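As structure tokens, the structure follows; a few thoughts come after it.
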Amino acid sequence: MILFKKVSDLKKFVEAQRLMGKSIGFSPTMGALHSGHMALLHTSQAQCDISIVSIFVNPTQFNDPEDLKKYPRTEGNDLAMLDKEGCDVVFMPGVDDIYPKNLPETPKLDLEGLDKVMEGAFRPGHFDGVVQVVKRLLDIVAPDKLYMGQKDFQQFTIINFMIEQYKLPVELVVVPIVREDSGLAKSSRNVRLSEAAKQKATSIFQQLSGLRAALEKFSPKEVETKFLKALEIAGLEPEYLCIVNGKTLQPVSDFSKESYVVACTAAWIEGVRLIDNMILKQ
Ligand code: PAF
């Protein structure tokens, strides 16, 4: 496994691979890697000649400075994990490499409201930061395929929109959510949870799993209310459940009439914010 820290070194490497006709798969991460990230890498390895993973804790997407401070940094473990899984290249730039002073400023992309709902409503500016860093990373790595996890449903929907808007020559591949045996979605934040909290948090998956049947009987609004109540009873502090169209992220009013429906949720436990989602119809 090769580790690059400098943009110019990585670019040189990628150019040489391209000249040899190799295809490039790229998975951006913020480290604290777990099997969810490994699923991105494995999908990339199955589809591309060279798989590159980046580790960069992007400061511009943290609206809460405390969250940035507390974000787990497990560099040694991350590198060992990637090496073991046969990753070809790790790109670990510093903040000054990604945002150098002389970088021409790109105008902010209008996300046409995709960034105003769900996560966006609770984390103002978050998606502007995600779009900024993914665009920059794509400009540097120039991959054929980009791998992102379904767990951040709104994130990949927005990145897909960005790719369409800028007409970027990259294919976005969405990799399904990886869960613990208990159903809890794998997340870098799970390490901050006690065993008891992890147990309580499994109610998120349980409640998501019951939504399809509930929507046969009740309106999306009623289902949302019941879901939030159930999470409260389980000992979580739910922020939202949104049953939305998977492309526009706008609320669904009649489940039977929609063709692509996803339920997205966020809830707090022990000061940790967890998100999850389930595609109910596609
Ligand atoms: O999903 C993440 O870890 C981050 O938002 C990403 C896509 C690596 C951008 O910093």
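The way I read the labels, and the way they are meant: chains A, B, ... in the order of the structure tokens, residue 1 as the first residue of every chain, and ligand 1 as the first ligand shown, with later ones counted on from there.
Residues in contact with Gln150 in chain A at up to 6 Å, not including ones fewer than 3 positions away on its chain and judged by only C-alpha atoms, are A:Phe153, A:Val174, A:Val175, A:Pro176, A:Ile177.
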Extract, using only C-alpha atoms, all DNA, RNA and protein residues at most 10 Å from range 251-257 of chain A, discarding same-chain residues fewer than 6 positions from it, and format them as an NGL selection string. :A and (117 or 212 or 215-216 or 218-221 or 242-245 or 263 or 280-281)
Keeping N, CA, C and O atoms, export the residues of the selection given above as a PDB file, in the first residue's frame.
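Wrote out-v3.pdb, looks like this:
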ATOM      1  N   VAL A 117     -33.263  20.376   4.061  1.00  0.00           N
ATOM      2  CA  VAL A 117     -34.119  19.448   4.816  1.00  0.00           C
ATOM      3  C   VAL A 117     -33.253  18.519   5.670  1.00  0.00           C
ATOM      4  O   VAL A 117     -32.036  18.525   5.576  1.00  0.00           O
ATOM      5  N   ARG A 212     -42.569   0.127   6.550  1.00  0.00           N
ATOM      6  CA  ARG A 212     -43.283  -0.219   5.308  1.00  0.00           C
ATOM      7  C   ARG A 212     -44.695  -0.706   5.636  1.00  0.00           C
ATOM      8  O   ARG A 212     -45.673  -0.252   5.044  1.00  0.00           O
ATOM      9  N   LEU A 215     -46.966   2.071   6.878  1.00  0.00           N
ATOM     10  CA  LEU A 215     -47.431   3.004   5.841  1.00  0.00           C
ATOM     11  C   LEU A 215     -48.594   2.448   5.019  1.00  0.00           C
ATOM     12  O   LEU A 215     -49.226   3.181   4.259  1.00  0.00           O
ATOM     13  N   GLU A 216     -48.828   1.132   5.154  1.00  0.00           N
ATOM     14  CA  GLU A 216     -50.009   0.551   4.496  1.00  0.00           C
ATOM     15  C   GLU A 216     -51.270   1.000   5.227  1.00  0.00           C
ATOM     16  O   GLU A 216     -52.356   1.042   4.659  1.00  0.00           O
ATOM     17  N   PHE A 218     -51.307   3.771   7.867  1.00  0.00           N
ATOM     18  CA  PHE A 218     -51.346   5.153   8.378  1.00  0.00           C
ATOM     19  C   PHE A 218     -50.686   6.115   7.387  1.00  0.00           C
ATOM     20  O   PHE A 218     -49.895   5.700   6.533  1.00  0.00           O
ATOM     21  N   SER A 219     -50.987   7.402   7.560  1.00  0.00           N
ATOM     22  CA  SER A 219     -50.370   8.420   6.690  1.00  0.00           C
ATOM     23  C   SER A 219     -48.900   8.595   7.108  1.00  0.00           C
ATOM     24  O   SER A 219     -48.548   8.320   8.264  1.00  0.00           O
ATOM     25  N   PRO A 220     -48.039   9.099   6.197  1.00  0.00           N
ATOM     26  CA  PRO A 220     -46.645   9.331   6.569  1.00  0.00           C
ATOM     27  C   PRO A 220     -46.518  10.203   7.822  1.00  0.00           C
ATOM     28  O   PRO A 220     -45.671   9.945   8.675  1.00  0.00           O
ATOM     29  N   LYS A 221     -47.362  11.209   7.953  1.00  0.00           N
ATOM     30  CA  LYS A 221     -47.287  12.102   9.143  1.00  0.00           C
ATOM     31  C   LYS A 221     -47.543  11.308  10.432  1.00  0.00           C
ATOM     32  O   LYS A 221     -46.828  11.452  11.419  1.00  0.00           O
ATOM     33  N   CYS A 242     -37.967  11.537   8.539  1.00  0.00           N
ATOM     34  CA  CYS A 242     -38.554  12.125   7.334  1.00  0.00           C
ATOM     35  C   CYS A 242     -38.762  11.022   6.313  1.00  0.00           C
ATOM     36  O   CYS A 242     -37.811  10.302   5.974  1.00  0.00           O
ATOM     37  N   ILE A 243     -40.003  10.908   5.867  1.00  0.00           N
ATOM     38  CA  ILE A 243     -40.319   9.940   4.815  1.00  0.00           C
ATOM     39  C   ILE A 243     -40.398  10.752   3.528  1.00  0.00           C
ATOM     40  O   ILE A 243     -41.289  11.589   3.363  1.00  0.00           O
ATOM     41  N   VAL A 244     -39.393  10.564   2.687  1.00  0.00           N
ATOM     42  CA  VAL A 244     -39.217  11.489   1.561  1.00  0.00           C
ATOM     43  C   VAL A 244     -39.042  10.756   0.229  1.00  0.00           C
ATOM     44  O   VAL A 244     -38.715   9.567   0.197  1.00  0.00           O
ATOM     45  N   ASN A 245     -39.221  11.524  -0.839  1.00  0.00           N
ATOM     46  CA  ASN A 245     -38.882  11.032  -2.166  1.00  0.00           C
ATOM     47  C   ASN A 245     -37.349  10.939  -2.241  1.00  0.00           C
ATOM     48  O   ASN A 245     -36.652  11.895  -1.882  1.00  0.00           O
ATOM     49  N   ALA A 263     -36.886   6.491   4.171  1.00  0.00           N
ATOM     50  CA  ALA A 263     -37.118   7.066   5.496  1.00  0.00           C
ATOM     51  C   ALA A 263     -35.756   7.363   6.100  1.00  0.00           C
ATOM     52  O   ALA A 263     -34.898   6.475   6.187  1.00  0.00           O
ATOM     53  N   LEU A 280     -37.652   2.395   1.337  1.00  0.00           N
ATOM     54  CA  LEU A 280     -38.902   1.676   1.524  1.00  0.00           C
ATOM     55  C   LEU A 280     -39.492   1.238   0.188  1.00  0.00           C
ATOM     56  O   LEU A 280     -40.291   0.302   0.141  1.00  0.00           O
ATOM     57  N   LYS A 281     -39.106   1.917  -0.859  1.00  0.00           N
ATOM     58  CA  LYS A 281     -39.647   1.629  -2.176  1.00  0.00           C
ATOM     59  C   LYS A 281     -38.685   2.160  -3.229  1.00  0.00           C
ATOM     60  O   LYS A 281     -38.183   3.270  -3.076  1.00  0.00           O
TER      61      LYS A 281
END
Check which residues fall inside 9 Å of ligand 1 when counting only C-alpha atoms and all ligand atoms, and print them as a ChimeraX atom specification. /A:27-31,37,54-61,126-127,129-134,137,148-149,151-152,155-156,159,188
Within range 93-166 of chain A, find each residue whose DSSP state, derived from the backbone, is strand (DSSP E or B), and express the selection as a PyMOL selection string. chain A and resi 145-149
Nearest to Val95 in chain A: which of A:Pro72, A:Cys48, A:Pro65, A:Lys5 is it, counting only C-alpha atoms? A:Lys5
Fewer than 3 positions away in the same chain doesn't count, so skip those; otherwise give me all residues within 8 Å of range 139-147 of chain A, counting only C-alpha atoms, as a short mmCIF file (atom, residue, chain, number, x, y, z; two decimals) with N, CA and C atoms, in the first residue's frame.
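Below is the file around-v2.cif, written as the result:
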data_model
loop_
_atom_site.label_atom_id
_atom_site.label_comp_id
_atom_site.auth_asym_id
_atom_site.auth_seq_id
_atom_site.Cartn_x
_atom_site.Cartn_y
_atom_site.Cartn_z
N VAL A 7 -0.55 16.43 -2.59
CA VAL A 7 -1.43 16.43 -3.76
C VAL A 7 -0.64 16.10 -5.02
N LEU A 10 0.33 12.39 -5.40
CA LEU A 10 -0.81 11.54 -5.74
C LEU A 10 -1.20 11.73 -7.20
N LYS A 11 -1.22 12.99 -7.65
CA LYS A 11 -1.60 13.29 -9.04
C LYS A 11 -0.66 12.59 -10.02
N VAL A 14 -1.47 8.91 -10.16
CA VAL A 14 -2.72 8.64 -10.89
C VAL A 14 -2.49 8.79 -12.40
N SER A 23 -8.07 1.62 -14.47
CA SER A 23 -9.22 2.38 -13.97
C SER A 23 -9.03 2.66 -12.48
N ILE A 24 -9.58 3.80 -12.05
CA ILE A 24 -9.36 4.27 -10.67
C ILE A 24 -10.68 4.34 -9.91
N GLY A 25 -10.72 3.69 -8.74
CA GLY A 25 -11.87 3.79 -7.84
C GLY A 25 -11.47 4.58 -6.61
N PHE A 26 -12.36 5.47 -6.16
CA PHE A 26 -12.00 6.37 -5.05
C PHE A 26 -13.08 6.38 -3.97
N SER A 27 -12.65 6.15 -2.73
CA SER A 27 -13.56 6.22 -1.58
C SER A 27 -13.06 7.29 -0.63
N PRO A 28 -13.77 8.42 -0.53
CA PRO A 28 -13.37 9.45 0.43
C PRO A 28 -13.86 9.09 1.83
N LEU A 40 -16.93 -0.04 1.07
CA LEU A 40 -16.66 0.86 -0.06
C LEU A 40 -15.42 0.38 -0.81
N LEU A 41 -14.37 0.08 -0.01
CA LEU A 41 -13.11 -0.38 -0.61
C LEU A 41 -13.31 -1.68 -1.39
N THR A 43 -15.97 -2.88 -2.77
CA THR A 43 -16.74 -2.67 -4.00
C THR A 43 -15.83 -2.04 -5.06
N SER A 44 -15.01 -1.10 -4.62
CA SER A 44 -14.06 -0.46 -5.53
C SER A 44 -13.07 -1.50 -6.10
N CYS A 48 -12.63 -1.83 -10.04
CA CYS A 48 -11.56 -0.98 -10.60
C CYS A 48 -10.19 -1.63 -10.45
N LYS A 135 -15.72 17.89 -4.13
CA LYS A 135 -15.34 18.47 -5.44
C LYS A 135 -13.83 18.61 -5.52
N ARG A 136 -13.23 19.11 -4.46
CA ARG A 136 -11.77 19.30 -4.44
C ARG A 136 -11.05 17.94 -4.56
N PRO A 169 -16.92 13.87 -15.00
CA PRO A 169 -16.80 12.56 -15.65
C PRO A 169 -16.52 11.45 -14.64
N VAL A 170 -17.42 11.25 -13.71
CA VAL A 170 -17.21 10.22 -12.68
C VAL A 170 -18.55 9.55 -12.42
N GLU A 171 -18.49 8.25 -12.13
CA GLU A 171 -19.73 7.53 -11.82
C GLU A 171 -19.82 7.33 -10.31
N LEU A 172 -20.95 7.74 -9.74
CA LEU A 172 -21.14 7.57 -8.29
C LEU A 172 -21.75 6.19 -8.03
N VAL A 173 -21.08 5.42 -7.19
CA VAL A 173 -21.59 4.09 -6.82
C VAL A 173 -21.98 4.13 -5.35
N VAL A 174 -23.24 3.80 -5.07
CA VAL A 174 -23.72 3.84 -3.69
C VAL A 174 -23.66 2.43 -3.10
N VAL A 175 -23.02 2.32 -1.95
CA VAL A 175 -22.80 1.01 -1.32
C VAL A 175 -23.77 0.89 -0.12
#
Leaving out Val89 in chain A and any residue of its chain fewer than 6 positions from it, which residues lie within 10 Å of it when counting only C-alpha atoms, given as JSON, numbers by chain? {"A": [1, 2, 3, 4, 10, 13, 14, 26, 50, 51, 52, 53, 54, 82, 83]}
Measuring atom to atom with only C-alpha atoms, identify which of A:Asp88, A:Glu237, A:Asp64, A:Asp96 is nearest to Pro124 in chain A.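 Closest candidate: A:Asp64.
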Let me make sure I understand: among A:Arg189, A:Ile279, A:Pro238, A:Ala32, which one has the smallest atom-to-atom distance to Ser209 in chain A if we use only C-alpha atoms?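 Nearest to Ser209 in chain A: A:Ile279.
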Which residue of A:Glu239, A:Glu105, A:Asp115, A:Glu15 approaches Ala266 in chain A most closely, using only C-alpha atoms: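 Of the candidates, the smallest distance to Ala266 in chain A is held by A:Glu239.
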